[in-house]
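For reference, the structure discussed in these notes is given below.
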Amino acid sequence: MSARDGFVILAAGMLVASASACGVNIDSEGHLARVEKRFDVGPSPEVHLITFDGSIDVRTWDRDQVLVEVQKRGPTREAVDSIEVTADQTGNRVQIEARRPVSTQTWLGLGFHVSRSARITATLPRKAALLASSGDGTIRVDRVEGRIELRTDDGSVKGTDLTGHVTVDTGDGSVTLQNLSGDLDAHSGDGGISASGKLSAVRVVSGDGSVTVRAEAGSRMSDDWEISTGDGGISVYVPQDFGADLDARTYDGRVVADHEISVSGDRAERGVLRGRLGTGGRTLKIRTNGGTISLRVS
């Protein structure tokens with residue numbers, strides 16, 4: 001954005017243990033305001049990032065600081081100002097929240113409706129407990145280690161190099177997670193789910209969409225696994241030395257197992273495959289109402 005597109009107002013101040021800055025711009029899509037907060041934290045902080053409408057992007061660095069930028073957008077200066085951003089720090093816990101305006105006024109810009117939103121971009125220490133929640137927007141998180149919760153009512157979720165206990169919930173959108181290490185609990189009301197990594201506990205549920213779970217070398221079941229979808233195919237890849245008690249069923253389709261997998265048990269019933277993978281162990285439960293279940297050695 002250039003100076004000819006509008007004007008810029010900058011301000012800086014202190015907020016408890018944080019530094020903040022704010023800027024406002026005007027462009028062809030309305031007004032844009034930037035609010036920046038910086039917090040000094042100790043090891044493994046707890047960070048909550050919450051917006052009523054907008055994407056959330058999280059990355060990490062090797063500093064004991066949390067840096068958050070909130071980009072507020074609206075068709076008029078008044079609409080942007082109506083978005084309240086709160087910043088709180090209590091000990092090692094930091095929370096940034098962009099709150100939905102109380103006013104129900106409809107704003108128009110250039111002859112069409114323009115909604116208000118607040119996008120959050122955050123940089124934090126790699127080891128952290130993270131909650132990222134959006135009422136309507138995508139979430140992307142890279143290289144975080146700790147307890148991780150990613151929730152959006154409407155939007156996709158993407159994560160890379162996440163370690164610890166990962167919880168994902170989207171009401172409507174796809175989920176793509178790569179290079180995980182630890183436990184996974186992922187749900188999409190309407191969208192496909194793809195997850196890969198060194199997994200220990202798995203619960204992956206889609207209301208409508210295909211599901212792919214790739215358990216890479218070193219994956220071990222610390223608890224029963226559940227992988228299911230209301231409508232769509234399911235592909236599960238496991239290491240050569242993986243052990244589990246298999247319980248797979250599709251109500252409209254078939255179950256296909258890699259010839260390298262030693263499966264014993266009931267193959268007679270169409271769409272059902274039960275038996276033991278390797279030396280057996282915890283239950284690997286796979287379900288779809290409509291689609292093929294494919295079980296492969298990765």
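FYI, nothing fancy with the structure tokens labels: chains A, B, ... in order, residues from 1 per chain, ligands from 1 as they appear.
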
So that I can see what lies close to segment 115-125 of chain A, please list as a PDB file with N, CA and C atoms, in the first residue's frame the residues with an atom at most 8 Å from it, counting only C-alpha atoms and leaving out residues fewer than 3 positions away in the same chain.
ATOM      1  N   PRO A  43       9.792 -18.799  29.736  1.00  0.00           N
ATOM      2  CA  PRO A  43       9.740 -20.032  28.945  1.00  0.00           C
ATOM      3  C   PRO A  43       8.321 -20.597  28.891  1.00  0.00           C
ATOM      4  N   SER A  44       7.960 -21.161  27.756  1.00  0.00           N
ATOM      5  CA  SER A  44       6.673 -21.844  27.544  1.00  0.00           C
ATOM      6  C   SER A  44       5.481 -20.995  27.960  1.00  0.00           C
ATOM      7  N   PRO A  45       5.278 -19.834  27.348  1.00  0.00           N
ATOM      8  CA  PRO A  45       4.121 -19.010  27.691  1.00  0.00           C
ATOM      9  C   PRO A  45       2.818 -19.629  27.203  1.00  0.00           C
ATOM     10  N   LEU A  49      -5.127 -16.242  21.143  1.00  0.00           N
ATOM     11  CA  LEU A  49      -5.379 -15.322  20.037  1.00  0.00           C
ATOM     12  C   LEU A  49      -6.809 -15.532  19.573  1.00  0.00           C
ATOM     13  N   THR A  51     -10.279 -13.843  17.495  1.00  0.00           N
ATOM     14  CA  THR A  51     -10.901 -12.817  16.661  1.00  0.00           C
ATOM     15  C   THR A  51     -12.297 -13.244  16.272  1.00  0.00           C
ATOM     16  N   PHE A  52     -13.189 -12.280  16.176  1.00  0.00           N
ATOM     17  CA  PHE A  52     -14.574 -12.579  15.800  1.00  0.00           C
ATOM     18  C   PHE A  52     -14.696 -12.905  14.322  1.00  0.00           C
ATOM     19  N   ASP A  53     -13.782 -12.360  13.491  1.00  0.00           N
ATOM     20  CA  ASP A  53     -13.847 -12.567  12.042  1.00  0.00           C
ATOM     21  C   ASP A  53     -12.502 -12.188  11.446  1.00  0.00           C
ATOM     22  N   GLY A  54     -11.806 -13.186  10.901  1.00  0.00           N
ATOM     23  CA  GLY A  54     -10.512 -12.902  10.297  1.00  0.00           C
ATOM     24  C   GLY A  54      -9.578 -14.079  10.441  1.00  0.00           C
ATOM     25  N   SER A  55      -8.547 -14.098   9.631  1.00  0.00           N
ATOM     26  CA  SER A  55      -7.585 -15.192   9.669  1.00  0.00           C
ATOM     27  C   SER A  55      -6.615 -15.012  10.831  1.00  0.00           C
ATOM     28  N   ILE A  56      -5.960 -16.133  11.212  1.00  0.00           N
ATOM     29  CA  ILE A  56      -4.927 -16.120  12.244  1.00  0.00           C
ATOM     30  C   ILE A  56      -3.705 -16.838  11.688  1.00  0.00           C
ATOM     31  N   ASP A  57      -2.559 -16.173  11.777  1.00  0.00           N
ATOM     32  CA  ASP A  57      -1.306 -16.730  11.256  1.00  0.00           C
ATOM     33  C   ASP A  57      -0.277 -16.697  12.379  1.00  0.00           C
ATOM     34  N   VAL A  58       0.269 -17.889  12.723  1.00  0.00           N
ATOM     35  CA  VAL A  58       1.197 -17.989  13.846  1.00  0.00           C
ATOM     36  C   VAL A  58       2.510 -18.592  13.363  1.00  0.00           C
ATOM     37  N   ARG A  59       3.614 -17.936  13.732  1.00  0.00           N
ATOM     38  CA  ARG A  59       4.936 -18.482  13.474  1.00  0.00           C
ATOM     39  C   ARG A  59       5.770 -18.301  14.740  1.00  0.00           C
ATOM     40  N   THR A  60       7.006 -18.841  14.775  1.00  0.00           N
ATOM     41  CA  THR A  60       7.803 -18.794  15.999  1.00  0.00           C
ATOM     42  C   THR A  60       9.176 -18.205  15.749  1.00  0.00           C
ATOM     43  N   TRP A  61       9.845 -17.844  16.855  1.00  0.00           N
ATOM     44  CA  TRP A  61      11.202 -17.340  16.813  1.00  0.00           C
ATOM     45  C   TRP A  61      11.929 -17.705  18.104  1.00  0.00           C
ATOM     46  N   ASP A  62      13.249 -17.414  18.171  1.00  0.00           N
ATOM     47  CA  ASP A  62      14.071 -17.752  19.333  1.00  0.00           C
ATOM     48  C   ASP A  62      14.203 -16.543  20.265  1.00  0.00           C
ATOM     49  N   ARG A  63      13.073 -16.004  20.681  1.00  0.00           N
ATOM     50  CA  ARG A  63      13.058 -14.876  21.622  1.00  0.00           C
ATOM     51  C   ARG A  63      12.006 -15.139  22.689  1.00  0.00           C
ATOM     52  N   ASP A  64      12.252 -14.612  23.891  1.00  0.00           N
ATOM     53  CA  ASP A  64      11.268 -14.718  24.967  1.00  0.00           C
ATOM     54  C   ASP A  64      10.309 -13.542  24.881  1.00  0.00           C
ATOM     55  N   GLN A  65       9.692 -13.419  23.725  1.00  0.00           N
ATOM     56  CA  GLN A  65       8.725 -12.350  23.472  1.00  0.00           C
ATOM     57  C   GLN A  65       7.586 -12.879  22.619  1.00  0.00           C
ATOM     58  N   VAL A  66       6.432 -12.253  22.777  1.00  0.00           N
ATOM     59  CA  VAL A  66       5.280 -12.502  21.911  1.00  0.00           C
ATOM     60  C   VAL A  66       4.961 -11.206  21.182  1.00  0.00           C
ATOM     61  N   LEU A  67       4.970 -11.252  19.870  1.00  0.00           N
ATOM     62  CA  LEU A  67       4.663 -10.088  19.040  1.00  0.00           C
ATOM     63  C   LEU A  67       3.372 -10.374  18.283  1.00  0.00           C
ATOM     64  N   VAL A  68       2.400  -9.489  18.425  1.00  0.00           N
ATOM     65  CA  VAL A  68       1.099  -9.690  17.783  1.00  0.00           C
ATOM     66  C   VAL A  68       0.718  -8.435  17.011  1.00  0.00           C
ATOM     67  N   GLU A  69       0.293  -8.649  15.766  1.00  0.00           N
ATOM     68  CA  GLU A  69      -0.249  -7.550  14.967  1.00  0.00           C
ATOM     69  C   GLU A  69      -1.697  -7.870  14.617  1.00  0.00           C
ATOM     70  N   VAL A  70      -2.594  -6.935  14.892  1.00  0.00           N
ATOM     71  CA  VAL A  70      -4.002  -7.078  14.543  1.00  0.00           C
ATOM     72  C   VAL A  70      -4.312  -6.073  13.440  1.00  0.00           C
ATOM     73  N   GLN A  71      -4.807  -6.594  12.326  1.00  0.00           N
ATOM     74  CA  GLN A  71      -5.138  -5.751  11.178  1.00  0.00           C
ATOM     75  C   GLN A  71      -6.658  -5.648  11.090  1.00  0.00           C
ATOM     76  N   LYS A  72      -7.170  -4.500  11.456  1.00  0.00           N
ATOM     77  CA  LYS A  72      -8.616  -4.268  11.435  1.00  0.00           C
ATOM     78  C   LYS A  72      -9.017  -3.672  10.086  1.00  0.00           C
ATOM     79  N   ARG A  73     -10.124  -4.169   9.542  1.00  0.00           N
ATOM     80  CA  ARG A  73     -10.588  -3.672   8.252  1.00  0.00           C
ATOM     81  C   ARG A  73     -12.074  -3.361   8.299  1.00  0.00           C
ATOM     82  N   GLY A  74     -12.461  -2.289   7.614  1.00  0.00           N
ATOM     83  CA  GLY A  74     -13.873  -1.931   7.509  1.00  0.00           C
ATOM     84  C   GLY A  74     -14.068  -0.883   6.437  1.00  0.00           C
ATOM     85  N   PRO A  75     -15.303  -0.618   6.038  1.00  0.00           N
ATOM     86  CA  PRO A  75     -15.567   0.317   4.939  1.00  0.00           C
ATOM     87  C   PRO A  75     -15.386   1.783   5.317  1.00  0.00           C
ATOM     88  N   ALA A  79     -16.375   2.360  11.247  1.00  0.00           N
ATOM     89  CA  ALA A  79     -16.523   0.902  11.310  1.00  0.00           C
ATOM     90  C   ALA A  79     -15.271   0.252  11.876  1.00  0.00           C
ATOM     91  N   VAL A  80     -14.101   0.730  11.458  1.00  0.00           N
ATOM     92  CA  VAL A  80     -12.846   0.188  11.966  1.00  0.00           C
ATOM     93  C   VAL A  80     -12.689   0.491  13.457  1.00  0.00           C
ATOM     94  N   ILE A  83     -14.262  -1.788  16.178  1.00  0.00           N
ATOM     95  CA  ILE A  83     -13.661  -3.082  16.519  1.00  0.00           C
ATOM     96  C   ILE A  83     -12.726  -2.866  17.707  1.00  0.00           C
ATOM     97  N   ALA A  98      -9.817  -9.629  19.447  1.00  0.00           N
ATOM     98  CA  ALA A  98     -10.527  -8.646  18.636  1.00  0.00           C
ATOM     99  C   ALA A  98     -12.014  -8.952  18.762  1.00  0.00           C
ATOM    100  N   TRP A 107     -22.702  -1.444   7.115  1.00  0.00           N
ATOM    101  CA  TRP A 107     -21.815  -0.481   6.480  1.00  0.00           C
ATOM    102  C   TRP A 107     -21.728  -0.767   4.983  1.00  0.00           C
ATOM    103  N   ALA A 128       5.277 -23.287  23.518  1.00  0.00           N
ATOM    104  CA  ALA A 128       4.191 -22.459  24.042  1.00  0.00           C
ATOM    105  C   ALA A 128       2.892 -23.245  24.026  1.00  0.00           C
ATOM    106  N   VAL A 144       5.235 -24.972  16.353  1.00  0.00           N
ATOM    107  CA  VAL A 144       4.893 -24.746  17.757  1.00  0.00           C
ATOM    108  C   VAL A 144       4.958 -26.072  18.494  1.00  0.00           C
TER     109      VAL A 144
END

query: Residues of segment 37-249 of chain A in strand (DSSP E or B) according to DSSP, as an NGL selection string?
result: :A and (37-40 or 46-51 or 56-61 or 65-74 or 84-90 or 93-99 or 108-109 or 112-113 or 117-125 or 127 or 129-134 or 139-142 or 145-152 or 157-160 or 163-170 or 175-188 or 193-206 or 211-215 or 225-229 or 234-238 or 244-249)

message: Measuring between only C-alpha atoms, which one of A:Gly91, A:Gly233, A:Gly189, A:Gly197 shows the shortest distance to Thr212 of chain A?
response: A:Gly233

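The interatomic distance for the pair atom CA of Arg274 of chain A and atom CA of Arg249 of chain A works out to 8.5 Å.
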
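Of note, atom CA of Thr152 of chain A and atom CA of Leu130 of chain A are spaced 14.1 Å apart.
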